$ cat start.txt   # compact mmCIF, C-alpha atoms
# COMPACT_ATOMS: atom_id res chain seq x y z
CA MET A 1 114.40 130.14 103.42
CA GLU A 2 116.24 127.11 104.83
CA THR A 3 115.25 128.07 108.38
CA SER A 4 111.57 128.47 107.56
CA ARG A 5 111.51 125.03 105.91
CA ASP A 6 113.19 123.57 108.98
CA ASP A 7 110.62 125.28 111.20
CA PHE A 8 107.80 123.83 109.13
CA ILE A 9 109.25 120.31 109.36
CA ILE A 10 109.79 120.64 113.10
CA ALA A 11 106.22 121.90 113.65
CA VAL A 12 104.72 119.09 111.51
CA ARG A 13 106.89 116.47 113.20
CA SER A 14 105.94 117.78 116.60
CA ALA A 15 102.22 117.74 115.68
CA PHE A 16 102.13 114.24 114.22
CA LEU A 17 104.86 112.33 116.02
CA LYS A 18 105.12 113.79 119.51
CA LYS A 19 102.72 112.34 122.04
CA GLY A 20 102.35 115.67 123.82
CA ALA A 21 100.77 116.43 127.16
CA ALA A 22 98.38 113.77 128.48
CA GLN A 23 98.35 111.98 125.10
CA ARG A 24 98.96 108.26 125.14
CA PHE A 25 99.19 107.80 121.39
CA SER A 26 100.94 109.73 118.66
CA LEU A 27 98.71 111.03 115.88
CA LEU A 28 100.67 109.21 113.20
CA ALA A 29 100.23 105.84 114.92
CA LEU A 30 96.46 106.38 115.16
CA ILE A 31 96.22 107.53 111.54
CA ILE A 32 98.07 104.34 110.47
CA ILE A 33 95.65 102.22 112.54
CA SER A 34 92.72 104.04 110.89
CA PHE A 35 94.12 103.25 107.43
CA ILE A 36 94.54 99.60 108.43
CA LEU A 37 90.89 99.48 109.57
CA LEU A 38 89.82 101.14 106.35
CA SER A 39 91.75 98.62 104.27
CA LEU A 40 90.10 95.75 106.20
CA ASP A 41 86.77 97.23 105.14
CA PHE A 42 88.02 97.68 101.58
CA PHE A 43 89.25 94.08 101.22
CA LYS A 44 86.16 92.72 103.09
CA PHE A 45 88.35 90.77 105.52
CA LYS A 46 86.08 87.86 106.58
CA PRO A 47 87.67 86.67 109.86
CA ILE A 48 86.72 89.88 111.67
CA ASP A 49 83.15 89.98 110.35
CA LEU A 50 81.70 88.41 113.49
CA PHE A 51 83.54 90.85 115.74
CA ARG A 52 82.49 93.75 113.54
CA SER A 53 78.88 92.61 113.54
CA PHE A 54 78.88 92.33 117.35
CA THR A 55 80.49 95.77 117.77
CA LYS A 56 77.98 97.35 115.40
CA ASP A 57 75.05 95.81 117.27
CA LEU A 58 76.43 97.18 120.52
CA ILE A 59 77.01 100.68 119.18
CA TYR A 60 73.62 100.83 117.46
CA ARG A 61 71.92 100.05 120.79
CA GLY A 62 74.10 102.63 122.58
CA SER A 63 73.32 105.21 119.94
CA PHE A 64 69.61 104.40 120.16
CA ILE A 65 69.66 105.07 123.92
CA ALA A 66 71.72 108.26 123.53
CA SER A 67 69.25 109.65 121.01
CA LEU A 68 66.10 108.85 123.00
CA PRO A 69 65.71 112.34 124.55
CA PHE A 70 65.93 114.01 121.13
CA LYS A 71 63.56 111.48 119.61
CA SER A 72 60.92 112.22 122.25
CA VAL A 73 61.31 115.97 121.67
CA ASN A 74 60.94 115.43 117.91
CA SER A 75 57.85 113.27 118.29
CA SER A 76 56.27 115.85 120.62
CA ILE A 77 56.85 118.55 118.00
CA ILE A 78 55.25 116.34 115.34
CA ILE A 79 52.22 115.68 117.61
CA ILE A 80 51.76 119.42 118.23
CA LYS A 81 52.07 120.16 114.50
CA ASP A 82 49.52 117.43 113.72
CA HIS A 83 47.02 119.00 116.11
CA PHE A 84 47.26 122.31 114.36
CA ILE A 85 46.53 120.86 110.93
CA LEU A 86 43.89 118.37 112.09
CA TYR A 87 40.90 119.78 110.21
CA GLU A 88 42.89 120.36 107.02
CA ASN A 89 44.10 116.75 107.16
CA TYR A 90 40.56 115.47 107.77
CA GLU A 91 39.25 117.13 104.61
CA LYS A 92 42.21 115.86 102.60
CA ILE A 93 41.82 112.30 103.89
CA LYS A 94 38.07 112.34 103.20
CA LYS A 95 38.73 113.15 99.56
CA GLU A 96 41.46 110.53 99.33
CA LEU A 97 39.20 107.90 100.88
CA ASN A 98 36.55 108.41 98.22
CA LEU A 99 39.18 108.09 95.55
CA ILE A 100 40.62 104.94 97.12
CA LYS A 101 37.16 103.35 97.37
CA THR A 102 36.70 103.84 93.64
CA GLU A 103 40.17 102.53 92.86
CA LYS A 104 39.66 99.53 95.14
CA ARG A 105 36.67 98.42 93.13
CA GLU A 106 38.69 98.72 89.91
CA SER A 107 41.64 96.95 91.48
CA LYS A 108 39.44 94.03 92.63
CA PHE A 109 38.31 93.54 89.07
CA LEU A 110 41.87 93.72 87.74
CA LYS A 111 43.11 91.23 90.34
CA THR A 112 40.54 88.67 89.36
CA GLN A 113 41.31 89.23 85.71
CA ASN A 114 45.06 88.92 86.36
CA LYS A 115 44.55 85.64 88.25
CA GLU A 116 42.54 84.21 85.42
CA LEU A 117 45.13 85.26 82.84
CA LYS A 118 47.97 83.77 84.89
CA ASN A 119 46.10 80.51 85.15
CA ALA A 120 45.56 80.64 81.43
CA ILE A 121 49.30 80.82 80.71
CA LYS A 122 49.99 78.15 83.38
CA ASP A 123 52.25 80.40 85.41
CA THR A 124 53.73 77.94 87.86
CA LEU A 125 56.52 80.16 89.10
CA LYS A 126 55.63 81.22 92.58
CA GLN A 127 57.52 83.32 95.03
CA GLU A 128 57.01 82.85 98.70
CA LYS A 129 56.47 86.27 100.21
CA GLU A 130 56.89 86.60 103.92
CA SER A 131 57.08 89.97 105.52
CA ILE A 132 58.41 90.89 108.92
CA VAL A 133 58.03 94.12 110.85
CA ALA A 134 61.11 95.92 112.18
CA LYS A 135 61.56 99.04 114.24
CA VAL A 136 63.80 101.86 113.06
CA LEU A 137 66.55 102.19 115.66
CA LEU A 138 68.60 104.96 114.13
CA ASP A 139 67.86 107.52 111.49
CA LYS A 140 70.89 109.74 111.30
CA LYS A 141 69.75 112.42 108.92
CA SER A 142 73.09 112.88 107.28
CA PRO A 143 73.03 114.89 104.06
CA PHE A 144 75.63 112.50 102.65
CA LEU A 145 74.39 109.00 103.39
CA LYS A 146 70.67 108.25 103.51
CA SER A 147 70.21 105.11 105.54
CA VAL A 148 68.44 103.83 108.64
CA VAL A 149 69.28 101.07 111.11
CA ILE A 150 66.55 98.55 111.98
CA ASN A 151 66.33 96.14 114.92
CA LYS A 152 66.29 92.86 112.96
CA GLY A 153 69.28 90.97 111.64
CA THR A 154 70.57 87.51 110.75
CA LYS A 155 68.77 86.16 113.84
CA THR A 156 65.50 86.67 111.93
CA ASN A 157 67.05 85.41 108.67
CA LEU A 158 67.43 88.78 107.01
CA LYS A 159 69.75 88.90 104.03
CA LYS A 160 71.47 91.60 102.05
CA GLY A 161 69.40 92.95 99.18
CA MET A 162 65.95 92.34 100.70
CA ALA A 163 63.32 94.96 99.87
CA VAL A 164 62.15 97.22 102.67
CA LEU A 165 58.64 98.66 102.58
CA HIS A 166 56.68 101.26 104.51
CA ARG A 167 52.87 101.08 104.29
CA GLY A 168 53.28 98.81 101.28
CA ASN A 169 55.54 101.20 99.37
CA MET A 170 59.18 100.59 98.58
CA ILE A 171 61.62 102.65 100.68
CA GLY A 172 64.96 100.89 100.23
CA ARG A 173 66.95 97.69 100.53
CA ILE A 174 69.12 96.02 103.12
CA VAL A 175 72.84 96.64 102.57
CA GLU A 176 74.38 95.43 105.81
CA VAL A 177 73.25 92.67 108.13
CA ASN A 178 74.45 92.11 111.70
CA TYR A 179 73.17 89.57 114.19
CA LEU A 180 70.58 91.87 115.81
CA SER A 181 70.43 94.82 113.44
CA SER A 182 70.62 95.76 109.78
CA ARG A 183 71.22 98.86 107.73
CA VAL A 184 68.71 99.92 105.07
CA LEU A 185 69.94 102.06 102.19
CA LEU A 186 67.06 104.40 101.39
CA LEU A 187 65.87 105.13 97.85
CA SER A 188 66.96 108.74 98.30
CA ASP A 189 70.65 107.87 98.68
CA LEU A 190 72.91 108.72 95.74
CA ASN A 191 74.20 105.13 95.73
CA SER A 192 70.73 103.56 95.52
CA LYS A 193 69.82 102.15 92.09
CA ILE A 194 66.52 100.28 91.71
CA PRO A 195 65.17 98.73 88.46
CA VAL A 196 61.63 99.94 87.87
CA LYS A 197 58.75 99.70 85.44
CA ILE A 198 56.59 102.72 84.60
CA GLU A 199 52.90 102.07 84.12
CA PRO A 200 50.90 102.25 81.88
CA SER A 201 53.66 102.76 79.27
CA GLY A 202 55.58 99.70 80.49
CA ASP A 203 58.98 101.40 80.07
CA ASN A 204 61.84 100.04 82.12
CA ALA A 205 64.34 102.34 83.85
CA ILE A 206 66.57 102.65 86.89
CA VAL A 207 65.64 104.97 89.75
CA SER A 208 68.63 106.57 91.42
CA GLY A 209 68.50 108.60 94.63
CA ALA A 210 69.32 112.31 94.61
CA GLY A 211 69.52 113.06 98.31
CA ASN A 212 65.87 114.03 98.74
CA ASN A 213 62.40 112.56 98.23
CA ILE A 214 62.73 112.77 94.45
CA GLY A 215 64.59 110.15 92.42
CA THR A 216 66.30 110.47 89.06
CA LEU A 217 65.33 108.23 86.13
CA LEU A 218 68.29 106.58 84.40
CA PHE A 219 68.37 104.53 81.19
CA LEU A 220 64.88 105.61 80.21
CA PRO A 221 64.20 104.73 76.52
CA LYS A 222 64.57 107.75 74.26
CA LYS A 223 61.13 107.24 72.72
CA SER A 224 59.48 106.78 76.06
CA MET A 225 55.80 107.65 76.32
CA ILE A 226 55.71 108.41 80.05
CA GLU A 227 53.61 111.21 81.42
CA VAL A 228 53.19 113.09 84.69
CA GLU A 229 51.29 111.08 87.34
CA ASN A 230 52.30 107.73 85.79
CA LEU A 231 53.01 105.17 88.47
CA VAL A 232 56.40 103.59 89.12
CA PHE A 233 56.76 100.00 90.39
CA THR A 234 59.72 97.70 90.94
CA SER A 235 60.32 95.65 87.81
CA GLY A 236 61.86 92.66 89.54
CA THR A 237 64.44 92.33 86.75
CA ASP A 238 67.30 92.22 89.26
CA GLY A 239 65.93 88.88 90.49
CA ILE A 240 65.90 90.02 94.12
CA PHE A 241 62.88 92.24 94.56
CA ASN A 242 59.40 91.10 93.75
CA GLU A 243 57.88 92.95 90.86
CA GLY A 244 55.02 95.38 91.36
CA ILE A 245 56.06 97.04 94.61
CA PRO A 246 54.92 100.69 94.40
CA VAL A 247 57.83 103.16 94.37
CA GLY A 248 56.39 106.55 93.40
CA LYS A 249 54.83 108.64 90.70
CA ILE A 250 56.24 110.59 87.78
CA ILE A 251 56.64 114.35 88.11
CA LYS A 252 58.11 116.88 85.70
CA LEU A 253 60.67 119.45 86.81
CA GLU A 254 62.31 121.80 84.30
CA ASP A 255 61.31 119.60 81.34
CA ASN A 256 62.77 116.45 82.87
CA PHE A 257 60.92 113.51 84.36
CA PHE A 258 61.62 112.48 87.96
CA VAL A 259 60.09 110.04 90.42
CA GLU A 260 58.46 111.39 93.56
CA PHE A 261 58.58 108.63 96.16
CA PHE A 262 55.27 107.68 97.78
CA GLU A 263 56.81 107.62 101.25
CA ASP A 264 58.38 110.46 103.19
CA LEU A 265 61.76 108.88 103.89
CA ASN A 266 62.41 111.17 106.86
CA GLN A 267 59.44 109.90 108.87
CA LEU A 268 60.07 106.21 109.35
CA ASN A 269 59.29 104.41 112.61
CA TYR A 270 58.36 100.87 111.60
CA VAL A 271 59.13 99.14 108.32
CA ASN A 272 58.32 95.83 106.61
CA ILE A 273 60.98 93.61 105.13
CA ILE A 274 60.01 91.27 102.34
CA LYS A 275 61.84 88.01 102.84
CA TYR A 276 62.54 86.16 99.66
CA GLU A 277 63.04 82.49 98.95
CA GLU A 278 64.56 80.96 95.86
CA GLU A 279 62.03 80.44 93.10
CA LYS A 280 60.47 76.99 93.16
CA ASN A 281 59.35 75.22 90.04
CA MET B 1 77.27 125.17 146.85
CA SER B 2 78.35 121.99 148.64
CA LEU B 3 81.78 120.53 148.08
CA PHE B 4 80.30 117.52 146.27
CA SER B 5 78.28 119.55 143.78
CA LYS B 6 81.24 121.87 143.24
CA ASN B 7 83.49 118.90 142.44
CA PHE B 8 80.81 117.34 140.25
CA PHE B 9 80.40 120.59 138.30
CA TYR B 10 84.15 120.83 137.81
CA LEU B 11 84.29 117.18 136.70
CA ILE B 12 81.58 117.78 134.10
CA LEU B 13 83.46 120.85 132.86
CA ARG B 14 86.73 118.93 132.82
CA PHE B 15 85.28 116.24 130.56
CA PHE B 16 82.93 118.56 128.69
CA PRO B 17 84.70 118.41 125.28
CA VAL B 18 84.95 114.62 125.28
CA LEU B 19 81.37 114.19 126.54
CA LEU B 20 80.10 116.57 123.87
CA LEU B 21 82.11 114.77 121.19
CA PHE B 22 80.67 111.36 122.08
CA PHE B 23 77.19 112.82 122.50
CA LEU B 24 77.37 114.21 118.96
CA VAL B 25 78.67 111.05 117.31
CA LEU B 26 76.38 108.70 119.20
CA GLY B 27 73.09 110.55 118.91
CA ASP B 28 70.99 110.13 115.80
CA PHE B 29 70.09 113.81 115.84
CA THR B 30 72.69 115.43 113.73
CA PHE B 31 74.40 118.72 114.00
CA SER B 32 75.79 118.07 110.59
CA PHE B 33 72.11 118.80 110.18
CA HIS B 34 70.17 120.26 107.33
CA ALA B 35 67.43 122.80 107.49
CA LYS B 36 65.54 123.12 104.20
CA LYS B 37 68.33 120.87 102.79
CA LEU B 38 70.60 123.88 102.65
CA VAL B 39 72.18 124.69 105.99
CA THR B 40 74.41 121.80 106.82
CA PHE B 41 77.33 121.93 109.18
CA ASN B 42 79.56 119.60 111.12
CA LEU B 43 79.77 120.55 114.78
CA VAL B 44 82.12 117.65 115.53
CA TYR B 45 84.85 119.34 113.47
CA VAL B 46 84.46 122.55 115.47
CA VAL B 47 84.61 120.69 118.80
CA ILE B 48 87.76 118.78 117.87
CA TYR B 49 89.56 121.71 116.26
CA PHE B 50 88.79 124.15 119.07
CA TRP B 51 89.79 121.91 121.95
CA VAL B 52 92.92 120.45 120.35
CA LEU B 53 94.00 124.00 119.62
CA LYS B 54 93.14 125.40 123.05
CA LYS B 55 93.71 122.54 125.43
CA PRO B 56 94.87 119.27 123.86
CA GLU B 57 95.09 117.59 127.27
CA MET B 58 91.28 117.63 127.33
CA MET B 59 90.88 116.02 123.94
CA SER B 60 92.79 112.76 123.91
CA TYR B 61 93.72 111.56 120.42
CA GLY B 62 92.77 108.01 121.40
CA LEU B 63 89.25 109.14 122.23
CA VAL B 64 89.04 111.17 119.02
CA PHE B 65 90.00 108.00 117.13
CA LEU B 66 87.29 106.04 118.98
CA ALA B 67 84.71 108.76 118.29
CA GLY B 68 85.55 108.46 114.59
CA ILE B 69 84.99 104.70 114.65
CA ILE B 70 81.62 105.16 116.40
CA ASN B 71 80.60 107.85 113.92
CA ASP B 72 81.39 105.53 111.00
CA ILE B 73 79.33 102.74 112.48
CA VAL B 74 76.37 105.01 113.22
CA THR B 75 76.39 106.77 109.84
CA GLY B 76 77.26 103.67 107.81
CA PHE B 77 80.51 104.86 106.26
CA PRO B 78 83.47 102.45 105.88
CA ILE B 79 85.06 102.04 109.31
CA GLY B 80 88.10 104.26 109.72
CA ILE B 81 87.18 107.14 107.43
CA SER B 82 85.90 109.50 110.14
CA SER B 83 88.86 108.62 112.36
CA ILE B 84 91.20 109.71 109.58
CA ASP B 85 89.20 112.95 109.14
CA TYR B 86 89.22 113.73 112.86
CA LEU B 87 92.89 112.83 113.34
CA PHE B 88 93.93 114.96 110.36
CA LEU B 89 92.01 117.80 111.94
CA CYS B 90 93.82 117.17 115.23
CA GLY B 91 97.14 117.22 113.34
CA ILE B 92 96.36 120.53 111.64
CA ALA B 93 95.14 122.07 114.92
CA SER B 94 98.26 120.83 116.68
CA TYR B 95 100.46 122.25 113.90
CA ILE B 96 98.74 125.64 114.14
CA ARG B 97 99.20 125.52 117.90
CA ASN B 98 102.92 124.88 117.42
CA ILE B 99 103.48 127.78 115.04
CA THR B 100 101.28 130.34 116.81
CA LEU B 101 102.79 132.43 119.57
CA ARG B 102 99.64 134.16 120.72
CA SER B 103 96.38 132.70 119.59
CA SER B 104 93.21 134.68 118.94
CA LEU B 105 89.76 133.64 117.82
CA ILE B 106 90.15 135.38 114.44
CA ASN B 107 93.50 133.70 113.69
CA ASP B 108 92.15 130.31 114.70
CA TRP B 109 89.07 130.92 112.61
CA LEU B 110 91.07 131.79 109.48
CA ALA B 111 93.28 128.74 109.94
CA PHE B 112 90.09 126.68 110.17
CA ILE B 113 89.39 127.24 106.42
CA PRO B 114 92.31 125.16 105.09
CA ALA B 115 91.74 122.64 107.89
CA VAL B 116 88.11 121.95 106.91
CA LEU B 117 88.91 121.99 103.20
CA ILE B 118 91.80 119.51 103.59
CA VAL B 119 89.76 117.18 105.80
CA ASN B 120 86.65 117.22 103.58
CA SER B 121 88.76 116.74 100.43
CA THR B 122 90.46 113.71 102.00
CA HIS B 123 87.06 112.38 103.03
CA TYR B 124 85.64 112.82 99.53
CA ALA B 125 88.72 111.41 97.78
CA ILE B 126 88.91 108.23 99.90
CA LEU B 127 85.19 107.46 99.62
CA ASN B 128 85.00 108.19 95.93
CA ILE B 129 88.26 106.61 94.73
CA PHE B 130 88.55 103.53 96.93
CA PHE B 131 84.98 102.75 97.94
CA ASN B 132 83.10 104.06 94.92
CA ILE B 133 80.61 105.76 97.23
CA GLU B 134 78.95 108.78 95.66
CA ILE B 135 78.91 111.88 97.81
CA ASN B 136 77.08 115.04 96.89
CA HIS B 137 80.01 117.45 96.61
CA TYR B 138 77.60 120.40 96.62
CA TYR B 139 76.48 119.47 100.15
CA LEU B 140 80.08 118.83 101.14
CA LEU B 141 81.10 122.31 100.00
CA LEU B 142 78.09 123.85 101.74
CA SER B 143 78.97 121.90 104.86
CA SER B 144 82.54 123.27 104.74
CA ILE B 145 81.29 126.85 104.34
CA PHE B 146 78.68 126.65 107.11
CA THR B 147 81.03 124.81 109.47
CA PHE B 148 83.54 127.61 108.92
CA CYS B 149 80.86 130.27 109.54
CA LEU B 150 79.73 128.50 112.70
CA TYR B 151 83.20 128.50 114.27
CA PRO B 152 83.22 132.01 115.85
CA LEU B 153 79.81 131.53 117.43
CA VAL B 154 80.66 128.17 118.96
CA GLY B 155 84.17 129.45 119.68
CA ILE B 156 82.81 132.23 121.91
CA ILE B 157 80.72 129.73 123.90
CA PHE B 158 83.64 127.31 124.21
CA ASN B 159 85.90 130.19 125.26
CA GLN B 160 83.58 130.90 128.20
CA ILE B 161 83.72 127.24 129.22
CA PHE B 162 87.49 127.26 128.75
CA ASN B 163 87.75 130.30 131.06
CA LEU B 164 85.65 128.51 133.66
CA ILE B 165 88.08 125.59 133.62
CA ASN B 166 91.16 127.82 133.54
CA PRO B 167 90.22 130.98 135.49
CA ARG B 168 93.76 132.39 135.29
CA SER B 169 94.06 132.12 131.53
CA ASN B 170 93.55 135.32 129.56
CA ASP B 171 93.06 133.65 126.14
$ encode --input "start.txt" --output "structure tokens"
Amino acid sequence: METSRDDFIIAVRSAFLKKGAAQRFSLLALIIISFILLSLDFFKFKPIDLFRSFTKDLIYRGSFIASLPFKSVNSSIIIIKDHFILYENYEKIKKELNLIKTEKRESKFLKTQNKELKNAIKDTLKQEKESIVAKVLLDKKSPFLKSVVINKGTKTNLKKGMAVLHRGNMIGRIVEVNYLSSRVLLLSDLNSKIPVKIEPSGDNAIVSGAGNNIGTLLFLPKKSMIEVENLVFTSGTDGIFNEGIPVGKIIKLEDNFFVEFFEDLNQLNYVNIIKYEEEKN
Amino acid sequence: MSLFSKNFFYLILRFFPVLLLFFLVLGDFTFSFHAKKLVTFNLVYVVIYFWVLKKPEMMSYGLVFLAGIINDIVTGFPIGISSIDYLFLCGIASYIRNITLRSSLINDWLAFIPAVLIVNSTHYAILNIFFNIEINHYYLLLSSIFTFCLYPLVGIIFNQIFNLINPRSND
């Protein structure tokens, strides 16, 4: 019994403390360094932020180059697939176009009406909306963390929390900003929580990611009147996002309501970032 | 084959595990990939475990540490978490190497179960307790199972490469 315990201790000690053949560092020393790095991240140690930002920019570019061959293979596959479903897509788009034309006419009327009503209540609060286009550098399709890296950072005055859109629809928000790059946390991530308003019922809720293109509705009022196909927009109650950015539509799965995002979050190439300024009176 | 191309081929083989490791952590394609959101596995774990077990001289701990840092930056996890995962895996592989007299693919494979479970549990615990980052534990469990299932297949391929590097070895 004593001998086997001794053997275990010797084997563990040898594995973690001995440098071994051609090893310059012991495992224990490297594990301690890793914990130190992790604690720097945990305590948000400011003095190394600049260094960290520079390193991240460098690695993002390196990673972008390393993944170029796979990206070109992926895009070729998508092009081939698109060719096969060309006619089907044409018919679908034709129908959608007719629908959009009708909705556009309605929307034009509503816009004018909205403008008039805002003037009537002397709404002087205005938000400056400026949008910039960014390219998606990295889209590591990890099942655990849904995020993408874009090629714009503090150099173009991006800030944490800014809304990121694709074809006018909300896809996520900026959670990390470096000098030349930023990380966007997608709506599908488990850690993403966005305040939304459901129209036409006007109910407020929080949309949380679930790891796929369908979001969960949290804090929905118990007597909510929402129905399938209702539209979901940002509510702007967090004070960061503008209100009225389209997020998705309501669907029903196993007697529960969910939000199906308008955008396919796995197919992002270029995105728009809505820059925000402080509200001016 | 000319002497140059022979040497070049040997050099590629010599650094194959490290090159593969960095290729996997740097690329935005992922072999911790998911088909139909169900099959998800972590090839990096297999690479590290296999080579530390078979030939630790070819998988420097310093480079494994660096690969972990790069992986954290690319995936967006707190910096240091993947390094801890990878180094723990190295430690377990090294321990198994120390206690095993004659290694075989089946023995290594069975020892891979506790290794992956320990590493993924550490990963989950650190992210959830200290960083309050939610991780889908269902995917994590699936990832552990599929990574374990993948080991023999990748192990056979790696064994062939290992035999090319060490022609006299009978392992």
$ residues_near_point --input "start.txt" --point "(61.1, 98.4, 103.7)" --cutoff "8 Å" --atoms "all atoms listed in the file" --output "ChimeraX atom specification"
/A:163-166,169-173,184,271-274
$ interface_residues --input "start.txt" --of "chain A" --to "chain B" --cutoff "8 Å" --atoms "all atoms listed in the file" --output "PDB file with C-alpha atoms, keeping the file's coordinate frame"
ATOM      1  CA  ALA A  11     106.220 121.900 113.650  1.00  0.00           C
ATOM      2  CA  VAL A  12     104.720 119.090 111.510  1.00  0.00           C
ATOM      3  CA  SER A  14     105.940 117.780 116.600  1.00  0.00           C
ATOM      4  CA  ALA A  15     102.220 117.740 115.680  1.00  0.00           C
ATOM      5  CA  PHE A  16     102.130 114.240 114.220  1.00  0.00           C
ATOM      6  CA  ALA A  21     100.770 116.430 127.160  1.00  0.00           C
ATOM      7  CA  ALA A  22      98.380 113.770 128.480  1.00  0.00           C
ATOM      8  CA  GLN A  23      98.350 111.980 125.100  1.00  0.00           C
ATOM      9  CA  ARG A  24      98.960 108.260 125.140  1.00  0.00           C
ATOM     10  CA  PHE A  25      99.190 107.800 121.390  1.00  0.00           C
ATOM     11  CA  SER A  26     100.940 109.730 118.660  1.00  0.00           C
ATOM     12  CA  LEU A  27      98.710 111.030 115.880  1.00  0.00           C
ATOM     13  CA  LEU A  30      96.460 106.380 115.160  1.00  0.00           C
ATOM     14  CA  ILE A  31      96.220 107.530 111.540  1.00  0.00           C
ATOM     15  CA  SER A  34      92.720 104.040 110.890  1.00  0.00           C
ATOM     16  CA  PHE A  35      94.120 103.250 107.430  1.00  0.00           C
ATOM     17  CA  LEU A  37      90.890  99.480 109.570  1.00  0.00           C
ATOM     18  CA  LEU A  38      89.820 101.140 106.350  1.00  0.00           C
ATOM     19  CA  ASP A  41      86.770  97.230 105.140  1.00  0.00           C
ATOM     20  CA  PHE A  42      88.020  97.680 101.580  1.00  0.00           C
ATOM     21  CA  LYS A  56      77.980  97.350 115.400  1.00  0.00           C
ATOM     22  CA  ILE A  59      77.010 100.680 119.180  1.00  0.00           C
ATOM     23  CA  TYR A  60      73.620 100.830 117.460  1.00  0.00           C
ATOM     24  CA  GLY A  62      74.100 102.630 122.580  1.00  0.00           C
ATOM     25  CA  SER A  63      73.320 105.210 119.940  1.00  0.00           C
ATOM     26  CA  PHE A  64      69.610 104.400 120.160  1.00  0.00           C
ATOM     27  CA  ALA A  66      71.720 108.260 123.530  1.00  0.00           C
ATOM     28  CA  SER A  67      69.250 109.650 121.010  1.00  0.00           C
ATOM     29  CA  PHE A  70      65.930 114.010 121.130  1.00  0.00           C
ATOM     30  CA  LYS A  71      63.560 111.480 119.610  1.00  0.00           C
ATOM     31  CA  LEU A 138      68.600 104.960 114.130  1.00  0.00           C
ATOM     32  CA  ASP A 139      67.860 107.520 111.490  1.00  0.00           C
ATOM     33  CA  LYS A 140      70.890 109.740 111.300  1.00  0.00           C
ATOM     34  CA  LYS A 141      69.750 112.420 108.920  1.00  0.00           C
ATOM     35  CA  SER A 142      73.090 112.880 107.280  1.00  0.00           C
ATOM     36  CA  PRO A 143      73.030 114.890 104.060  1.00  0.00           C
ATOM     37  CA  PHE A 144      75.630 112.500 102.650  1.00  0.00           C
ATOM     38  CA  LEU A 145      74.390 109.000 103.390  1.00  0.00           C
ATOM     39  CA  SER A 147      70.210 105.110 105.540  1.00  0.00           C
ATOM     40  CA  ARG A 183      71.220  98.860 107.730  1.00  0.00           C
ATOM     41  CA  LEU A 190      72.910 108.720  95.740  1.00  0.00           C
ATOM     42  CA  ASN A 191      74.200 105.130  95.730  1.00  0.00           C
ATOM     43  CA  GLY A 211      69.520 113.060  98.310  1.00  0.00           C
TER      44      GLY A 211
END
$ atom_distance --input "start.txt" --atom1 "atom CA of Val228 of chain A" --atom2 "atom CA of Glu199 of chain A"
11.0 Å
$ atom_distance --input "start.txt" --atom1 "atom CA of Val154 of chain B" --atom2 "atom CA of Ile118 of chain B"
20.9 Å
$ atom_distance --input "start.txt" --atom1 "atom CA of Val149 of chain A" --atom2 "atom CA of Ala134 of chain A"
9.7 Å
